[in-house]
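Below is entry.txt, which holds compact mmCIF, C-alpha atoms.
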# COMPACT_ATOMS: atom_id res chain seq x y z
CA MET A 1 0.00 0.00 0.00
CA SER A 2 1.37 3.41 -0.96
CA GLU A 3 2.18 6.05 1.64
CA GLU A 4 -0.64 8.28 0.34
CA LYS A 5 -3.20 5.49 0.75
CA LYS A 6 -1.93 4.84 4.28
CA LYS A 7 -2.30 8.55 5.09
CA LYS A 8 -5.94 8.42 3.93
CA ILE A 9 -6.57 5.84 6.66
CA ILE A 10 -4.19 6.98 9.42
CA TYR A 11 -4.77 10.76 9.24
CA PRO A 12 -8.54 10.52 9.87
CA LEU A 13 -7.86 8.18 12.83
CA LEU A 14 -5.36 10.66 14.24
CA LEU A 15 -7.77 13.55 13.61
CA PHE A 16 -10.50 11.63 15.47
CA PHE A 17 -8.26 11.16 18.50
CA SER A 18 -6.92 14.72 18.31
CA PHE A 19 -10.43 16.23 18.32
CA SER A 20 -11.62 13.78 20.99
CA ILE A 21 -8.77 14.78 23.29
CA ILE A 22 -9.12 18.50 22.47
CA GLY A 23 -12.85 18.26 23.29
CA TRP A 24 -12.16 16.47 26.57
CA THR A 25 -9.57 19.13 27.49
CA TRP A 26 -11.94 21.95 26.51
CA GLU A 27 -14.69 20.56 28.76
CA LEU A 28 -12.26 20.05 31.65
CA ILE A 29 -10.86 23.60 31.41
CA TYR A 30 -14.30 25.19 30.87
CA GLU A 31 -15.77 23.59 33.98
CA PHE A 32 -12.64 24.30 36.02
CA LEU A 33 -12.73 28.01 35.13
CA SER A 34 -16.49 28.39 35.45
CA GLU A 35 -17.19 26.18 38.49
CA GLY A 36 -13.82 25.35 40.08
CA ILE A 37 -14.55 21.68 39.46
CA LEU A 38 -12.53 18.95 37.75
CA ALA A 39 -14.67 16.28 36.13
CA ASN A 40 -14.34 13.70 33.37
CA HIS A 41 -17.48 14.40 31.35
CA GLY A 42 -17.12 11.44 29.04
CA VAL A 43 -18.98 8.16 28.98
CA LEU A 44 -15.57 6.54 28.58
CA LEU A 45 -12.85 6.56 31.22
CA GLY A 46 -10.00 7.87 29.06
CA PRO A 47 -9.16 11.49 28.30
CA TRP A 48 -11.31 11.69 25.20
CA LEU A 49 -14.82 12.59 24.18
CA PRO A 50 -15.65 10.71 20.98
CA ILE A 51 -18.54 13.09 20.26
CA TYR A 52 -15.92 15.76 19.47
CA GLY A 53 -13.88 13.29 17.42
CA GLY A 54 -17.00 12.27 15.49
CA GLY A 55 -17.93 15.91 14.92
CA GLY A 56 -14.40 16.62 13.72
CA LEU A 57 -14.57 13.72 11.25
CA VAL A 58 -17.97 14.83 9.95
CA ILE A 59 -16.52 18.28 9.37
CA TYR A 60 -13.44 16.76 7.72
CA PHE A 61 -15.33 14.39 5.41
CA LEU A 62 -18.60 16.23 4.72
CA VAL A 63 -18.07 19.95 5.30
CA ASN A 64 -14.47 20.26 4.07
CA ARG A 65 -15.64 20.05 0.46
CA PHE A 66 -17.30 23.47 0.91
CA LYS A 67 -14.21 25.20 2.31
CA LYS A 68 -14.25 27.83 -0.43
CA ASN A 69 -17.50 29.10 1.10
CA PRO A 70 -17.16 29.94 4.83
CA LEU A 71 -20.93 30.39 5.20
CA LEU A 72 -21.53 26.81 4.01
CA VAL A 73 -18.77 25.57 6.34
CA PHE A 74 -20.46 27.37 9.25
CA MET A 75 -23.95 26.10 8.36
CA GLY A 76 -22.80 22.53 7.65
CA SER A 77 -20.94 22.38 10.97
CA PHE A 78 -23.90 23.96 12.76
CA VAL A 79 -26.36 21.42 11.36
CA PHE A 80 -24.30 18.21 11.39
CA CYS A 81 -22.76 18.72 14.83
CA THR A 82 -26.14 19.69 16.30
CA ILE A 83 -27.61 16.46 14.93
CA ILE A 84 -24.69 14.50 16.40
CA GLU A 85 -25.12 16.11 19.83
CA TYR A 86 -28.90 15.62 19.90
CA SER A 87 -28.70 11.98 18.74
CA THR A 88 -25.90 11.17 21.17
CA GLY A 89 -27.82 12.73 24.06
CA TRP A 90 -30.94 10.78 23.10
CA TYR A 91 -28.98 7.52 22.78
CA LEU A 92 -27.23 7.93 26.14
CA GLU A 93 -30.44 8.85 27.95
CA THR A 94 -32.39 6.02 26.32
CA PHE A 95 -29.85 3.21 26.57
CA LYS A 96 -27.52 4.25 29.40
CA HIS A 97 -30.30 5.83 31.50
CA HIS A 98 -28.20 8.85 32.45
CA LYS A 99 -27.87 12.46 31.26
CA TRP A 100 -24.28 13.45 30.65
CA TRP A 101 -25.34 17.03 29.85
CA SER A 102 -28.45 19.14 30.08
CA TYR A 103 -29.24 22.53 28.60
CA VAL A 104 -32.74 22.81 30.09
CA ASN A 105 -31.88 26.20 31.61
CA MET A 106 -30.52 27.59 28.35
CA PRO A 107 -32.70 29.59 25.97
CA PHE A 108 -33.74 27.95 22.70
CA ASN A 109 -33.02 24.40 23.83
CA ILE A 110 -34.64 21.25 22.45
CA ASP A 111 -35.30 18.59 25.11
CA GLY A 112 -32.30 19.94 27.04
CA ARG A 113 -30.03 18.07 24.60
CA ILE A 114 -29.09 20.97 22.34
CA TYR A 115 -29.43 24.74 22.41
CA LEU A 116 -28.90 27.59 19.99
CA LEU A 117 -25.69 29.06 21.45
CA GLY A 118 -24.10 25.59 21.49
CA SER A 119 -25.01 25.09 17.83
CA ILE A 120 -23.51 28.48 16.96
CA PHE A 121 -20.36 27.35 18.78
CA PHE A 122 -20.36 24.21 16.56
CA GLY A 123 -20.52 26.41 13.47
CA LEU A 124 -17.60 28.51 14.70
CA ALA A 125 -15.67 25.38 15.71
CA GLY A 126 -16.23 24.02 12.19
CA LEU A 127 -14.71 27.19 10.73
CA ALA A 128 -11.74 26.88 13.10
CA GLY A 129 -11.44 23.18 12.25
CA ILE A 130 -11.45 23.63 8.47
CA TYR A 131 -9.28 26.73 8.26
CA VAL A 132 -6.92 26.31 11.25
CA PHE A 133 -6.86 23.03 13.18
CA ILE A 134 -7.10 20.40 10.43
CA PRO A 135 -4.38 22.03 8.29
CA LEU A 136 -2.14 22.48 11.38
CA LEU A 137 -2.68 18.90 12.52
CA LYS A 138 -2.00 17.50 9.05
CA LYS A 139 1.16 19.61 8.83
CA PHE A 140 2.18 18.26 12.25
CA PHE A 141 1.49 14.65 11.14
CA ASP A 142 3.55 15.24 7.97
CA ARG A 143 6.63 15.79 10.15
CA TYR A 144 6.64 12.09 11.09
CA ASN A 145 7.03 8.96 9.02
CA ILE A 146 3.92 6.95 8.27
CA LYS A 147 5.19 3.91 10.17
CA SER A 148 5.46 5.86 13.44
CA LEU A 149 2.07 7.46 12.87
CA THR A 150 0.53 4.05 12.19
CA ILE A 151 1.93 2.66 15.45
CA ILE A 152 0.57 5.64 17.39
CA ALA A 153 -2.85 5.49 15.68
CA LEU A 154 -3.22 1.72 16.17
CA SER A 155 -2.08 1.95 19.81
CA LEU A 156 -4.63 4.68 20.49
CA LEU A 157 -7.28 2.64 18.69
CA ALA A 158 -6.52 -0.43 20.83
CA ILE A 159 -6.69 1.55 24.10
CA PHE A 160 -9.86 3.30 22.90
CA ALA A 161 -11.46 -0.07 21.96
CA ILE A 162 -10.72 -1.50 25.42
CA ASP A 163 -12.14 1.64 27.06
CA PHE A 164 -15.20 1.52 24.80
CA ILE A 165 -15.90 -2.18 25.48
CA HIS A 166 -15.43 -1.68 29.22
CA SER A 167 -17.74 1.35 29.19
CA ILE A 168 -20.60 -0.56 27.55
CA ASP A 169 -21.41 -2.11 30.94
CA HIS A 170 -19.53 0.37 33.14
CA PRO A 171 -20.06 3.87 31.72
CA ASN A 172 -18.32 6.74 33.45
CA ILE A 173 -20.85 8.65 35.50
CA VAL A 174 -19.68 12.22 35.94
CA ILE A 175 -18.18 12.71 39.38
CA LYS A 176 -17.26 16.30 40.13
CA HIS A 177 -14.40 17.19 42.42
CA LYS A 178 -14.51 20.73 43.77
CA VAL A 179 -10.96 22.07 43.68
CA LEU A 180 -11.49 25.82 44.07
CA ASP A 181 -13.85 28.19 45.80
CA THR A 182 -15.87 29.41 42.82
CA LYS A 183 -16.37 32.82 44.46
CA ALA A 184 -12.61 33.31 44.26
CA ILE A 185 -12.66 32.80 40.49
CA GLY A 186 -16.07 34.32 39.76
CA GLU A 187 -14.56 36.81 37.35
CA PHE A 188 -13.44 33.88 35.16
CA LYS A 189 -16.89 32.35 34.80
CA LEU A 190 -17.55 31.79 31.11
CA PHE A 191 -20.89 32.56 29.42
CA LYS A 192 -22.55 33.42 32.74

Full structure transcribed into structure tokens:
Amino acid sequence: MSEEKKKKIIYPLLLFFSFSIIGWTWELIYEFLSEGILANHGVLLGPWLPIYGGGGLVIYFLVNRFKKNPLLVFMGSFVFCTIIEYSTGWYLETFKHHKWWSYVNMPFNIDGRIYLLGSIFFGLAGLAGIYVFIPLLKKFFDRYNIKSLTIIALSLLAIFAIDFIHSIDHPNIVIKHKVLDTKAIGEFKLFK
């Protein structure tokens, strides 16, 4: 198999893990700054949120083709990622019998699973993904040989698969650990 064909398989895998880990980190930092709490918000135990990885891949495979038109990139990311978040929320509530997030107190929400400001954020994240993060990540991956990247991608995939299989019967239920007095960091609260 040629190096280019290998890249077509390995790069999306690495993008999935990159966006999953970036999403997990974003959620951790956001809650720490806004509430003074550290919590793993994922269904899985590892430091990744596959909903972000899935959203990143949808943007990469479906929305990327419209990158000459930023409005279409925004709208495609807005729509596809909103559908992913709503369906994931529904699935988790229906089959895992737990809510990992709720937007019931946010304006313009649908069943507490999605809300307008979050969907706008998805649109903006899609723009950042197409025009900044995906090109930077691909440039970063290009610095390494395909054999090393394959080992990294397959190792991550194996660990992820174990975590996923374990989490089918033992999903991570969000446990929050208060680490700061939120009054002391009130000025850092985001979107409040």

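Distance annotation: of A:Val104, A:Leu14, A:Leu149, A:Val174, the residue with the minimal separation from His41 of chain A is A:Val174; atom set is only C-alpha atoms.
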
key: Radius query 12 Å about (5.3, 3.5, 8.6), atoms used: all atoms listed in the file, as a VMD selection string   = chain A and resid 1 to 7 10 142 144 to 154

Would you save the residues of that selection, restricted to C-alpha atoms, as a tab-separated table (two decimals), in the frame of the given file?
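Output file part_10.tsv is given in full below:
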chain	number	residue	atom	x	y	z
A	1	MET	CA	0.00	0.00	0.00
A	2	SER	CA	1.37	3.41	-0.96
A	3	GLU	CA	2.18	6.05	1.64
A	4	GLU	CA	-0.64	8.28	0.34
A	5	LYS	CA	-3.20	5.49	0.75
A	6	LYS	CA	-1.93	4.84	4.28
A	7	LYS	CA	-2.30	8.55	5.09
A	10	ILE	CA	-4.19	6.98	9.42
A	142	ASP	CA	3.55	15.24	7.97
A	144	TYR	CA	6.64	12.09	11.09
A	145	ASN	CA	7.03	8.96	9.02
A	146	ILE	CA	3.92	6.95	8.27
A	147	LYS	CA	5.19	3.91	10.17
A	148	SER	CA	5.46	5.86	13.44
A	149	LEU	CA	2.07	7.46	12.87
A	150	THR	CA	0.53	4.05	12.19
A	151	ILE	CA	1.93	2.66	15.45
A	152	ILE	CA	0.57	5.64	17.39
A	153	ALA	CA	-2.85	5.49	15.68
A	154	LEU	CA	-3.22	1.72	16.17

Please report, as a tab-separated table, each residue of segment 26-138 of chain A lying at most 8 Å from segment 160-164 of chain A, together with the nearest pair of atoms and the separation in Å rounded to one decimal; use all atoms listed in the file, and order rows by chain and ascending residue number.
residue	atom	partner	partner_atom	distance
A:Leu44	CA	A:Asp163	CA	6.2
A:Leu45	CA	A:Asp163	CA	6.5
A:Gly46	CA	A:Asp163	CA	6.9

key: Proximity to Gly123 of chain A - best of A:Tyr30, A:Tyr86, A:Phe140, A:Phe78, all atoms listed in the file   =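 Looking only at the distances to Gly123 of chain A, the closest residue turns out to be A:Phe78.
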
query = Using all atoms listed in the file, which residue out of A:Gly89, A:Thr94, A:Tyr131, A:Lys138 lies closest to Asp111 of chain A?
reply = A:Gly89

task = Do a neighbour search on Phe16 of chain A at 7 Å with all atoms listed in the file, toss out local chain neighbours closer than 4 positions, and write the hits as a PyMOL selection string.
result = chain A and resi 12+20+53-54+56-57

ask   = Using all atoms listed in the file, which of the listed residues (A:Leu137, A:Ile29, A:Leu49, A:Ile130) sits closest to Arg65 of chain A?
value = A:Ile130

Each residue of segment 58-138 of chain A lying at most 12 Å from segment 23-28 of chain A should get a row with its shortest atom-to-atom pair and the distance in Å to one decimal, counting only C-alpha atoms; could you produce that, ordered by chain and increasing number, as a Markdown table?
| residue | atom | partner | partner_atom | distance |
| --- | --- | --- | --- | --- |
| A:Trp101 | CA | A:Glu27 | CA | 11.3 |
| A:Phe122 | CA | A:Gly23 | CA | 11.7 |
| A:Ala125 | CA | A:Gly23 | CA | 10.8 |

Can you sort out the box for segment 80-94 of chain A, edges along x, y and z, all listed atoms in, 6 Å on every side, with centre and edge lengths in Å to one decimal, as JSON?
{"center_x": -27.6, "center_y": 12.9, "center_z": 19.7, "size_x": 21.6, "size_y": 25.7, "size_z": 28.6}

Spatial neighbours of Phe121 of chain A, 12 Å, only C-alpha atoms, chain gap at least 3 places, as a list in words =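 Residues meeting the cut-off are Phe74, Met75, Ser77, Phe78, Val79, Cys81, Thr82, Ile114, Tyr115, Leu116, Leu117, Gly118, Leu124, Ala125, Gly126, Leu127, Ala128, Gly129 and Phe191 of chain A.
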
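Each of A:Pro135, A:Gly55, A:Pro171, A:Pro70 was checked against Ser119 of chain A using only C-alpha atoms; the smallest atom-to-atom distance is that of A:Gly55.
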
message = One decimal, in Å: what's the spacing between atom CA of Phe32 of chain A and atom CA of Glu93 of chain A?
response =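 Those two atoms sit 24.9 Å apart.
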
ask   = For Thr88 of chain A, which residue out of A:Tyr60, A:Val73, A:Ile51, A:Phe66 is the nearest one, using only C-alpha atoms?
value =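 Checking each of A:Tyr60, A:Val73, A:Ile51, A:Phe66 against Thr88 of chain A, counting only C-alpha atoms, the winner is A:Ile51.
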
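Straight-line separation from atom CA of Ile83 of chain A to atom CA of Leu13 of chain A: 21.5 Å.
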
Distance in Å - atom CA of Ile173 of chain A versus atom CA of Ala39 of chain A = 9.8 Å

task = Would you list the contacts of Trp90 of chain A as a ChimeraX atom specification, taking every protein, DNA or RNA residue within 12 Å and counting all atoms listed in the file, but skipping same-chain residues closer than 6 positions in sequence?
result = /A:83-84,96-102,110-114
